[in-house]
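Asks: This is the content of start19.cif (mmCIF, C-alpha atoms):
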```cif
data_structure
loop_
_atom_site.label_atom_id
_atom_site.label_comp_id
_atom_site.auth_asym_id
_atom_site.auth_seq_id
_atom_site.Cartn_x
_atom_site.Cartn_y
_atom_site.Cartn_z
CA MET A 1 127.22 32.21 101.17
CA VAL A 2 128.10 32.72 104.82
CA THR A 3 130.94 35.07 103.87
CA SER A 4 128.70 36.99 101.45
CA ALA A 5 125.94 37.34 104.05
CA LYS A 6 128.45 38.46 106.66
CA LYS A 7 129.83 41.11 104.29
CA ALA A 8 126.35 42.40 103.50
CA GLU A 9 125.62 42.59 107.24
CA ASP A 10 128.85 44.45 107.92
CA ASP A 11 128.22 46.84 105.01
CA LEU A 12 124.75 47.60 106.36
CA ALA A 13 126.13 48.22 109.84
CA GLY A 14 128.75 50.53 108.36
CA LEU A 15 126.03 52.42 106.44
CA LYS A 16 123.98 52.90 109.60
CA ALA A 17 127.02 54.34 111.37
CA THR A 18 127.79 56.70 108.47
CA VAL A 19 124.17 57.90 108.30
CA ALA A 20 124.32 58.70 112.02
CA THR A 21 127.64 60.51 111.52
CA THR A 22 126.17 62.50 108.62
CA PHE A 23 123.23 63.68 110.73
CA THR A 24 125.58 64.73 113.54
CA LEU A 25 127.86 66.61 111.15
CA ILE A 26 124.99 68.46 109.45
CA GLU A 27 123.64 69.51 112.83
CA GLN A 28 127.05 70.91 113.77
CA LEU A 29 127.57 72.62 110.40
CA GLN A 30 124.20 74.38 110.55
CA ALA A 31 125.50 76.31 113.55
CA PHE A 32 128.33 77.84 111.46
CA THR A 33 128.09 81.59 110.91
CA ALA A 34 130.33 84.11 109.19
CA SER A 35 133.36 85.26 111.17
CA LYS A 36 133.16 88.81 112.48
CA GLU A 37 136.56 89.55 110.97
CA THR A 38 138.20 88.28 107.81
CA PRO A 39 141.15 86.03 108.74
CA LYS A 40 144.41 87.80 107.88
CA GLY A 41 146.21 86.35 104.90
CA ASN A 42 143.06 84.63 103.60
CA THR A 43 142.92 84.55 99.80
CA ILE A 44 140.15 81.98 99.36
CA ASP A 45 137.14 83.11 97.35
CA ALA A 46 134.26 82.19 99.67
CA LEU A 47 131.66 82.33 96.89
CA GLN A 48 133.72 80.08 94.62
CA LEU A 49 134.22 77.61 97.46
CA ALA A 50 130.48 77.61 98.15
CA SER A 51 129.68 77.11 94.45
CA ASP A 52 132.17 74.25 94.04
CA SER A 53 130.95 72.53 97.22
CA ALA A 54 127.29 72.87 96.21
CA SER A 55 128.04 71.46 92.75
CA LEU A 56 129.71 68.42 94.32
CA ILE A 57 126.80 67.94 96.73
CA ARG A 58 124.42 68.05 93.77
CA ALA A 59 126.38 65.40 91.88
CA HIS A 60 126.65 63.14 94.93
CA THR A 61 122.95 63.62 95.64
CA THR A 62 122.18 62.27 92.16
CA LYS A 63 124.32 59.19 92.81
CA LEU A 64 122.72 58.67 96.21
CA SER A 65 119.22 59.02 94.78
CA LEU A 66 119.87 56.35 92.14
CA LEU A 67 121.50 53.93 94.59
CA ILE A 68 118.56 53.89 96.99
CA ILE A 69 115.93 53.12 94.31
CA ASN A 70 117.73 50.69 91.97
CA LYS A 71 118.43 47.02 92.65
CA PRO A 72 120.60 45.48 93.87
CA PHE A 73 120.82 47.45 97.12
CA THR A 74 124.50 48.16 97.70
CA ALA A 75 125.14 49.48 101.19
CA SER A 76 128.87 49.87 100.56
CA ALA A 77 128.29 52.14 97.52
CA ILE A 78 125.87 54.35 99.44
CA ASN A 79 128.35 54.43 102.31
CA THR A 80 131.10 55.60 99.96
CA VAL A 81 128.98 58.46 98.60
CA LEU A 82 128.09 59.65 102.12
CA ARG A 83 131.69 59.43 103.31
CA GLU A 84 132.86 61.51 100.36
CA LEU A 85 130.26 64.14 101.21
CA VAL A 86 131.16 64.14 104.91
CA SER A 87 134.87 64.46 104.21
CA GLY A 88 134.70 67.25 101.63
CA PRO A 89 131.72 69.18 100.20
CA LEU A 90 129.60 69.46 103.35
CA PRO A 91 132.38 70.93 105.56
CA GLY A 92 133.55 72.99 102.56
CA LEU A 93 130.16 74.65 102.36
CA ALA A 94 130.25 75.54 106.05
CA SER A 95 133.77 76.94 105.62
CA ALA A 96 132.51 79.14 102.80
CA VAL A 97 129.88 80.58 105.14
CA GLU A 98 132.54 81.26 107.76
CA LEU A 99 134.81 82.99 105.23
CA CYS A 100 132.04 85.09 103.67
CA THR A 101 132.37 87.92 106.16
CA ALA A 102 130.30 91.08 106.08
CA ALA A 103 133.50 93.13 106.15
CA ARG A 104 134.69 91.68 102.85
CA TYR A 105 131.54 90.55 101.02
CA THR A 106 128.88 92.94 102.44
CA LYS A 107 126.35 92.06 105.10
CA SER A 108 123.76 91.26 102.42
CA MET A 109 125.92 88.62 100.72
CA SER A 110 127.07 87.14 104.03
CA GLU A 111 123.50 86.73 105.27
CA GLU A 112 122.19 85.50 101.91
CA LEU A 113 124.85 82.80 101.61
CA GLN A 114 124.26 81.68 105.19
CA TRP A 115 120.51 81.42 104.59
CA ARG A 116 120.88 79.44 101.35
CA VAL A 117 123.46 77.09 102.83
CA LYS A 118 121.30 76.37 105.87
CA LYS A 119 118.41 75.55 103.55
CA LEU A 120 120.65 73.20 101.56
CA PHE A 121 121.77 71.43 104.76
CA ALA A 122 118.16 71.06 105.90
CA GLU A 123 116.98 69.64 102.56
CA PHE A 124 119.93 67.25 102.28
CA SER A 125 119.28 66.04 105.82
CA THR A 126 115.69 65.24 104.80
CA LEU A 127 117.00 63.15 101.89
CA VAL A 128 119.35 61.24 104.20
CA THR A 129 116.37 60.28 106.38
CA VAL A 130 114.88 58.25 103.50
CA ILE A 131 118.00 56.12 102.97
CA PRO A 132 116.78 52.56 103.62
CA LEU A 133 118.62 50.82 106.46
CA ASP A 134 116.89 47.45 106.07
CA GLY A 135 118.99 46.25 103.15
CA GLN A 136 116.23 46.83 100.56
CA VAL A 137 115.82 49.53 97.93
CA LEU A 138 112.91 51.91 98.30
CA THR A 139 109.49 50.81 97.08
CA ALA A 140 107.73 52.58 94.22
CA ASP A 141 105.52 54.39 96.75
CA GLU A 142 108.54 55.50 98.82
CA LYS A 143 110.24 56.67 95.65
CA ASN A 144 107.24 58.61 94.32
CA GLY A 145 105.63 59.72 97.58
CA THR A 146 102.46 57.75 96.85
CA GLY A 147 100.40 55.29 98.88
CA LYS A 148 100.99 55.42 102.63
CA THR A 149 104.40 57.01 102.28
CA VAL A 150 105.03 59.87 104.70
CA GLY A 151 106.63 62.85 102.95
CA LYS A 152 107.31 63.75 99.34
CA GLY A 153 109.14 60.64 98.23
CA SER A 154 112.84 60.29 97.45
CA LEU A 155 112.64 61.68 93.90
CA ALA A 156 110.92 64.88 95.06
CA ASN A 157 113.41 65.20 97.94
CA THR A 158 116.25 64.86 95.44
CA GLY A 159 114.78 67.64 93.31
CA VAL A 160 114.52 69.95 96.31
CA VAL A 161 118.21 69.35 97.16
CA TRP A 162 119.13 70.12 93.56
CA GLU A 163 117.25 73.43 93.77
CA ALA A 164 119.01 74.31 97.03
CA CYS A 165 122.39 73.54 95.45
CA ASP A 166 121.55 75.61 92.38
CA ALA A 167 120.58 78.53 94.63
CA VAL A 168 124.05 78.51 96.21
CA VAL A 169 125.76 78.26 92.81
CA GLU A 170 123.62 81.20 91.63
CA LEU A 171 125.16 83.44 94.30
CA LYS A 172 128.59 82.96 92.77
CA LYS A 173 127.18 83.87 89.34
CA LEU A 174 125.41 86.92 90.77
CA GLY A 175 128.39 88.11 92.77
CA ILE A 176 128.20 91.03 95.16
CA LEU A 177 127.27 93.44 92.36
CA GLY A 178 124.43 91.24 91.09
CA LEU A 179 123.01 90.67 94.56
CA VAL A 180 123.11 94.38 95.42
CA ILE A 181 121.28 95.27 92.19
CA LYS A 182 118.76 92.45 92.72
CA LYS A 183 117.89 93.71 96.20
CA ALA A 184 117.67 97.34 95.06
CA ASP A 185 115.27 96.32 92.27
CA GLU A 186 113.14 94.35 94.75
CA TYR A 187 112.90 97.36 97.09
CA ARG A 188 112.03 99.63 94.14
CA ASP A 189 109.25 97.26 93.06
CA LEU A 190 107.80 97.39 96.58
CA LEU A 191 107.71 101.18 96.29
CA LYS A 192 105.94 100.93 92.94
CA ASP A 193 103.32 98.66 94.47
CA ALA A 194 102.80 101.06 97.36
CA LEU A 195 102.43 104.00 94.96
CA GLU A 196 99.84 102.15 92.86
CA GLU A 197 97.83 101.21 95.95
CA LEU A 198 97.82 104.79 97.21
CA GLN A 199 96.77 106.06 93.78
CA GLU A 200 93.86 103.61 93.66
CA TRP A 201 92.84 104.47 97.21
CA GLY A 202 92.95 108.20 96.48
CA GLU A 203 90.66 107.78 93.47
CA GLU A 204 87.97 105.92 95.42
CA GLU A 205 84.89 107.79 96.57
CA GLY A 206 84.37 108.78 100.17
CA ASP A 207 81.59 107.52 102.38
CA ASP A 208 79.60 110.76 102.67
CA GLU A 209 76.72 109.75 100.43
CA GLU A 210 73.63 111.93 100.58
CA THR A 211 70.22 110.39 101.14
CA ASP A 212 67.58 110.73 98.47
CA ASP A 213 64.13 112.01 99.26
CA GLY A 214 63.65 110.54 102.67
CA ASN A 215 62.19 107.29 101.27
CA THR A 216 65.03 105.15 102.57
CA SER A 217 63.51 101.93 103.83
CA ASN A 218 64.24 100.16 107.09
CA THR A 219 65.76 97.40 104.99
CA ASP A 220 68.29 99.85 103.54
CA GLU A 221 69.15 101.13 107.01
CA GLU A 222 69.63 97.59 108.29
CA GLY A 223 71.81 96.79 105.27
CA THR A 224 73.95 99.86 105.92
CA SER A 225 74.36 98.93 109.57
CA ALA A 226 75.30 95.39 108.62
CA GLN A 227 77.88 96.64 106.12
CA ALA A 228 79.32 99.00 108.73
CA ALA A 229 79.70 96.07 111.11
CA VAL A 230 81.50 94.03 108.45
CA ASP A 231 83.77 96.98 107.59
CA ALA A 232 84.67 97.41 111.24
CA MET A 233 85.33 93.69 111.65
CA PHE A 234 87.68 93.41 108.67
CA GLY A 235 89.25 96.84 108.97
CA SER A 236 87.93 98.18 105.69
CA GLN A 237 89.78 101.29 104.55
CA ARG A 238 88.28 104.71 105.10
CA HIS A 239 88.36 107.26 102.32
CA ILE A 240 89.07 110.97 102.10
CA PRO A 241 85.87 112.86 102.96
CA SER A 242 84.66 115.55 100.58
CA ASP A 243 85.26 118.38 103.05
CA ASP A 244 88.77 117.05 103.89
CA THR A 245 89.17 119.16 107.01
CA GLU A 246 92.39 117.33 107.91
CA LYS A 247 94.02 118.21 104.55
CA ILE A 248 94.63 114.55 103.70
CA ARG A 249 94.39 115.12 99.93
CA PRO A 250 97.30 117.60 99.71
CA ARG A 251 99.42 115.23 101.78
CA LEU A 252 98.51 112.36 99.45
CA ASP A 253 99.44 114.38 96.35
CA SER A 254 102.77 115.36 97.92
CA THR A 255 103.48 111.77 98.90
CA GLN A 256 102.76 110.43 95.43
CA LYS A 257 105.11 112.97 93.83
CA ARG A 258 107.89 112.07 96.22
CA LEU A 259 107.36 108.34 95.83
CA ARG A 260 107.82 108.78 92.08
CA LEU A 261 111.04 110.65 92.80
CA LEU A 262 112.20 107.85 95.11
CA ILE A 263 111.52 105.25 92.43
CA LEU A 264 113.62 107.31 89.99
CA MET A 265 116.33 107.55 92.64
CA TYR A 266 116.50 103.75 92.98
CA GLN A 267 116.88 103.41 89.22
CA ALA A 268 119.56 106.12 89.09
CA VAL A 269 121.52 104.55 91.97
CA VAL A 270 121.56 101.17 90.22
CA LYS A 271 122.69 102.66 86.91
CA ARG A 272 125.16 105.30 88.11
CA ARG A 273 126.54 103.76 91.29
CA PHE A 274 125.95 100.01 91.63
CA LYS A 275 126.76 99.18 88.00
CA THR A 276 130.00 101.17 88.27
CA LEU A 277 131.23 99.34 91.38
CA PRO A 278 134.79 98.02 91.24
CA HIS A 279 135.24 94.25 91.48
CA LEU A 280 134.34 93.02 94.96
CA PRO A 281 135.85 91.59 97.02
CA HIS A 282 139.10 93.31 95.99
CA PRO A 283 141.83 90.82 95.03
CA GLU A 284 144.46 93.29 96.19
CA LEU A 285 144.39 96.13 98.71
CA PRO A 286 146.80 98.97 99.36
CA ALA A 287 149.57 98.01 101.80
CA GLU A 288 148.27 100.35 104.51
CA LEU A 289 144.87 98.63 104.43
CA LYS A 290 146.16 95.08 103.98
CA SER A 291 147.95 95.22 107.34
CA LYS A 292 144.63 95.95 109.06
CA SER A 293 142.09 93.86 107.17
CA ASN A 294 141.40 91.98 103.95
CA GLY A 295 138.15 93.90 103.53
CA ASP A 296 137.44 97.27 102.01
CA PRO A 297 135.89 99.27 104.85
CA GLY A 298 135.04 102.23 102.62
CA ILE A 299 133.00 100.72 99.78
CA ILE A 300 131.64 97.71 101.67
CA SER A 301 130.43 99.70 104.67
CA CYS A 302 128.86 102.27 102.32
CA LEU A 303 126.99 99.56 100.41
CA ASP A 304 125.72 98.02 103.63
CA GLU A 305 124.41 101.35 104.86
CA VAL A 306 122.82 102.24 101.52
CA LEU A 307 121.04 98.88 101.23
CA LYS A 308 119.88 99.16 104.84
CA VAL A 309 118.23 102.52 104.11
CA MET A 310 116.88 101.38 100.73
CA LYS A 311 115.20 98.47 102.50
CA LYS A 312 113.83 100.74 105.21
CA ILE A 313 112.07 103.08 102.77
CA PRO A 314 109.44 100.53 101.52
CA ASP A 315 108.83 99.45 105.13
CA VAL A 316 108.17 103.02 106.21
CA THR A 317 106.05 103.57 103.09
CA ASP A 318 103.77 100.72 104.20
CA GLU A 319 103.33 102.45 107.55
CA LEU A 320 102.71 105.73 105.73
CA ALA A 321 100.01 104.09 103.59
CA ASN A 322 98.32 102.71 106.71
CA ALA A 323 98.33 106.20 108.21
CA PHE A 324 96.54 107.48 105.10
CA TYR A 325 93.97 104.68 105.30
CA GLU A 326 93.30 105.71 108.90
CA LEU A 327 93.12 109.40 107.90
CA ASP A 328 95.62 110.07 110.69
CA GLY A 329 97.17 113.47 109.86
CA PRO A 330 99.90 113.57 112.55
CA GLU A 331 100.99 110.00 111.79
CA ILE A 332 101.06 110.77 108.07
CA ASP A 333 103.37 113.72 108.71
CA LYS A 334 105.63 111.61 110.90
CA ARG A 335 105.96 108.81 108.34
CA MET A 336 106.39 111.27 105.45
CA ASP A 337 109.34 112.85 107.25
CA GLU A 338 110.89 109.48 108.01
CA CYS A 339 110.39 108.13 104.50
CA PHE A 340 111.60 111.15 102.56
CA PHE A 341 114.53 111.88 104.86
CA SER A 342 115.70 108.29 104.23
CA GLY A 343 115.61 108.92 100.47
CA PHE A 344 117.55 112.13 101.00
CA ALA A 345 120.13 110.15 103.02
CA VAL A 346 120.66 107.56 100.26
CA ALA A 347 121.50 110.31 97.78
CA GLU A 348 123.88 111.90 100.29
CA LEU A 349 125.69 108.61 100.95
CA LEU A 350 126.31 108.17 97.22
CA ILE A 351 126.84 111.84 96.32
CA LYS A 352 130.39 111.05 95.09
CA ASN A 353 131.49 108.17 92.89
CA TRP A 354 133.63 105.25 94.10
CA GLU A 355 136.80 107.24 93.39
CA GLY A 356 135.56 109.99 95.69
CA GLU A 357 134.87 112.43 92.86
CA GLN A 358 131.79 114.33 91.74
CA ASP A 359 130.12 113.35 88.48
CA GLU A 360 126.80 113.54 86.61
CA PHE A 361 125.02 111.62 89.34
CA THR A 362 126.25 114.15 91.89
CA THR A 363 124.46 116.93 89.99
CA TRP A 364 121.30 114.82 89.65
CA ALA A 365 121.39 113.85 93.34
CA ARG A 366 121.53 117.50 94.40
CA LYS A 367 118.49 118.30 92.26
CA PHE A 368 116.74 115.23 93.69
CA GLN A 369 117.38 116.42 97.24
CA ILE A 370 116.02 119.88 96.45
CA ALA A 371 112.89 118.38 94.89
CA MET A 372 112.37 116.13 97.92
CA LYS A 373 112.62 119.14 100.25
CA LYS A 374 109.93 121.15 98.47
CA GLY A 375 106.86 121.38 100.67
CA TRP A 376 108.49 119.04 103.19
#
```
Would you give me this structure, written as structure tokens?

Replies:
Amino acid sequence: MVTSAKKAEDDLAGLKATVATTFTLIEQLQAFTASKETPKGNTIDALQLASDSASLIRAHTTKLSLLIINKPFTASAINTVLRELVSGPLPGLASAVELCTAARYTKSMSEELQWRVKKLFAEFSTLVTVIPLDGQVLTADEKNGTGKTVGKGSLANTGVVWEACDAVVELKKLGILGLVIKKADEYRDLLKDALEELQEWGEEEGDDEETDDGNTSNTDEEGTSAQAAVDAMFGSQRHIPSDDTEKIRPRLDSTQKRLRLLILMYQAVVKRRFKTLPHLPHPELPAELKSKSNGDPGIISCLDEVLKVMKKIPDVTDELANAFYELDGPEIDKRMDECFFSGFAVAELLIKNWEGEQDEFTTWARKFQIAMKKGW
């Protein structure tokens, strides 16, 4: 009995030390960022490493979750699971972030992986905080997050870690091509939303309502004043007046036409350029490039620039819409120029295919640019 009690005490002390080590390691790993340059001679697939590490973390999380809620409490078994995580999958995930450089995987993929991995680390750290260090399994309330338990409960925490692991694994399945298309589609949908809002706004009646026969009551006047105060307080949108001295309506019509063209451009870029991308990152590079870097500076840098501009367009469109709502002619002109020039630039960046040759998209892009310039 004395020997058994001593072992249980030692196992619990060992678990406490490992939990402390795990917290320290996670804190250090969360500071990892992608290297600025791809290490020469590196052949490791960063996305595969991230996926494999996340899958192992998910499996170990399941074991850990069961061990802390089922009797008998076995400190040594929990300790083993944590040690395996500390010695392999957790550092492996941080290494994947470091290897997923913008130069080789695009800035979008590098930043996306880093964000998802940091979320996984944060959620796993939360699960580690609920590991009981008193030698007893968790109570039903601690397991389910009921009663006086602070937090979600261990089962809910486990589910959140699983989701974070799945999100990292999903990046490997998406690949660079899938992520690029996903982001382009998201930006296009934002443009569609902006176009619909502007259409609805343009169809609404202005505020220049004529009075009837002079029988307007004081009550009506007070109601109008009260509504005006509310509109001013909450920034209610103004509408195009019937006389339209500032020529807002023609600007709105021009903007809507060009937004439709931009939406078509996003769809064409996805179909004719993104879906025809070569495999990235390249498994092999020409000898003259390999001596300088493991990345592909041509395609990768082009993708980064294109996505940067494609993201900018919906942002500028929001500012353009606000200018319309304020009936601010000069600001509308400024944002129209910025928005439509950005669309023009995307087409120019992708005017040739990935082999550097002209094709059907080249012809379409030229027509798109001409249409965007009309009345500009």

Asks: Here is a test: counting all atoms listed in the file, which residue of A:Ala13, A:Ala323, A:Leu138, A:Leu90 is nearest to Lys118 of chain A?

Replies: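 So, comparing all the options, the nearest one is A:Leu90.
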
Asks: So the first atom is atom CA of Val309 of chain A and the second is atom CA of Phe340 of chain A; what is the distance between them in Å, to one decimal place?

Replies: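 Distance between the two atoms: 11.0 Å.
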
Asks: What gap, in Å, lies between atom CA of Phe73 of chain A and atom CA of Leu25 of chain A?

Replies: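 Calculated distance between atom CA of Phe73 of chain A and atom CA of Leu25 of chain A is 24.8 Å.
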
Asks: Tell me which protein, DNA and RNA residues are within 10 Å of segment 169-186 of chain A, counting only C-alpha atoms, leaving out same-chain ones fewer than 3 positions away, and put them as a ChimeraX atom specification.

Replies: /A:45-55,105-106,108-110,112-113,116,163-166,189-192,263,266-267,269-271,274-281,300,303-304,306-307,310-311,314

Asks: Run the PyMOL selection byres ((chain A and resi 326) around 10) against the file shown and list the residues it catches, as a PyMOL selection string.

Replies: chain A and resi 235-240+320-325+327-329+331-332

Asks: Quote the spacing between atom CA of Gly88 of chain A and atom CA of Asp11 of chain A in Å to one decimal place.

Replies: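 Distance between the two atoms: 21.7 Å.
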
Asks: Of the candidates A:Ala268, A:Ala365, A:Ile313, A:Met372, which one gets nearest to Leu349 of chain A if we count all atoms listed in the file?

Replies: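 Smallest separation from Leu349 of chain A among the options: A:Ala365.
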
Asks: May I have the residues within 9 Å of Met265 of chain A as a CSV table (one decimal) with C-alpha atoms, in the coordinates of the input, using only C-alpha atoms and disregarding those fewer than 6 positions away in the same chain?

Replies:
```csv
chain,number,residue,atom,x,y,z
A,343,GLY,CA,115.6,108.9,100.5
A,346,VAL,CA,120.7,107.6,100.3
A,347,ALA,CA,121.5,110.3,97.8
A,365,ALA,CA,121.4,113.8,93.3
A,368,PHE,CA,116.7,115.2,93.7
```

Asks: Rank nothing, just name the residue among A:Ser242, A:Asn79, A:Thr101, A:Thr158 nearest to Thr33 of chain A, using all atoms listed in the file.

Replies: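 That would be A:Thr101, the residue with the smallest distance to Thr33 of chain A.
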
Asks: Because some atoms of segment 23-34 of chain A are absent here, can you restore N, CA and C atoms and send them as a PDB file, in the coordinates of the input?

Replies:
```
ATOM      1  N   PHE A  23     124.215  62.862 110.009  1.00  0.00           N
ATOM      2  CA  PHE A  23     123.230  63.680 110.730  1.00  0.00           C
ATOM      3  C   PHE A  23     123.920  64.574 111.771  1.00  0.00           C
ATOM      4  N   THR A  24     124.861  63.985 112.503  1.00  0.00           N
ATOM      5  CA  THR A  24     125.580  64.730 113.540  1.00  0.00           C
ATOM      6  C   THR A  24     126.371  65.884 112.931  1.00  0.00           C
ATOM      7  N   LEU A  25     127.053  65.581 111.817  1.00  0.00           N
ATOM      8  CA  LEU A  25     127.860  66.610 111.150  1.00  0.00           C
ATOM      9  C   LEU A  25     126.987  67.754 110.645  1.00  0.00           C
ATOM     10  N   ILE A  26     125.870  67.419 109.989  1.00  0.00           N
ATOM     11  CA  ILE A  26     124.990  68.460 109.450  1.00  0.00           C
ATOM     12  C   ILE A  26     124.474  69.350 110.565  1.00  0.00           C
ATOM     13  N   GLU A  27     124.128  68.741 111.690  1.00  0.00           N
ATOM     14  CA  GLU A  27     123.640  69.510 112.830  1.00  0.00           C
ATOM     15  C   GLU A  27     124.703  70.494 113.321  1.00  0.00           C
ATOM     16  N   GLN A  28     125.947  70.047 113.339  1.00  0.00           N
ATOM     17  CA  GLN A  28     127.050  70.910 113.770  1.00  0.00           C
ATOM     18  C   GLN A  28     127.315  72.013 112.739  1.00  0.00           C
ATOM     19  N   LEU A  29     127.271  71.658 111.456  1.00  0.00           N
ATOM     20  CA  LEU A  29     127.570  72.620 110.400  1.00  0.00           C
ATOM     21  C   LEU A  29     126.509  73.708 110.288  1.00  0.00           C
ATOM     22  N   GLN A  30     125.272  73.384 110.633  1.00  0.00           N
ATOM     23  CA  GLN A  30     124.200  74.380 110.550  1.00  0.00           C
ATOM     24  C   GLN A  30     124.394  75.518 111.546  1.00  0.00           C
ATOM     25  N   ALA A  31     125.241  75.275 112.546  1.00  0.00           N
ATOM     26  CA  ALA A  31     125.500  76.310 113.550  1.00  0.00           C
ATOM     27  C   ALA A  31     126.594  77.284 113.101  1.00  0.00           C
ATOM     28  N   PHE A  32     127.259  76.980 111.963  1.00  0.00           N
ATOM     29  CA  PHE A  32     128.330  77.840 111.460  1.00  0.00           C
ATOM     30  C   PHE A  32     127.761  79.181 111.020  1.00  0.00           C
ATOM     31  N   THR A  33     128.445  80.243 111.368  1.00  0.00           N
ATOM     32  CA  THR A  33     128.090  81.590 110.910  1.00  0.00           C
ATOM     33  C   THR A  33     129.363  82.278 110.413  1.00  0.00           C
ATOM     34  N   ALA A  34     129.173  83.384 109.715  1.00  0.00           N
ATOM     35  CA  ALA A  34     130.330  84.110 109.190  1.00  0.00           C
ATOM     36  C   ALA A  34     131.157  84.681 110.343  1.00  0.00           C
TER      37      ALA A  34
END
```
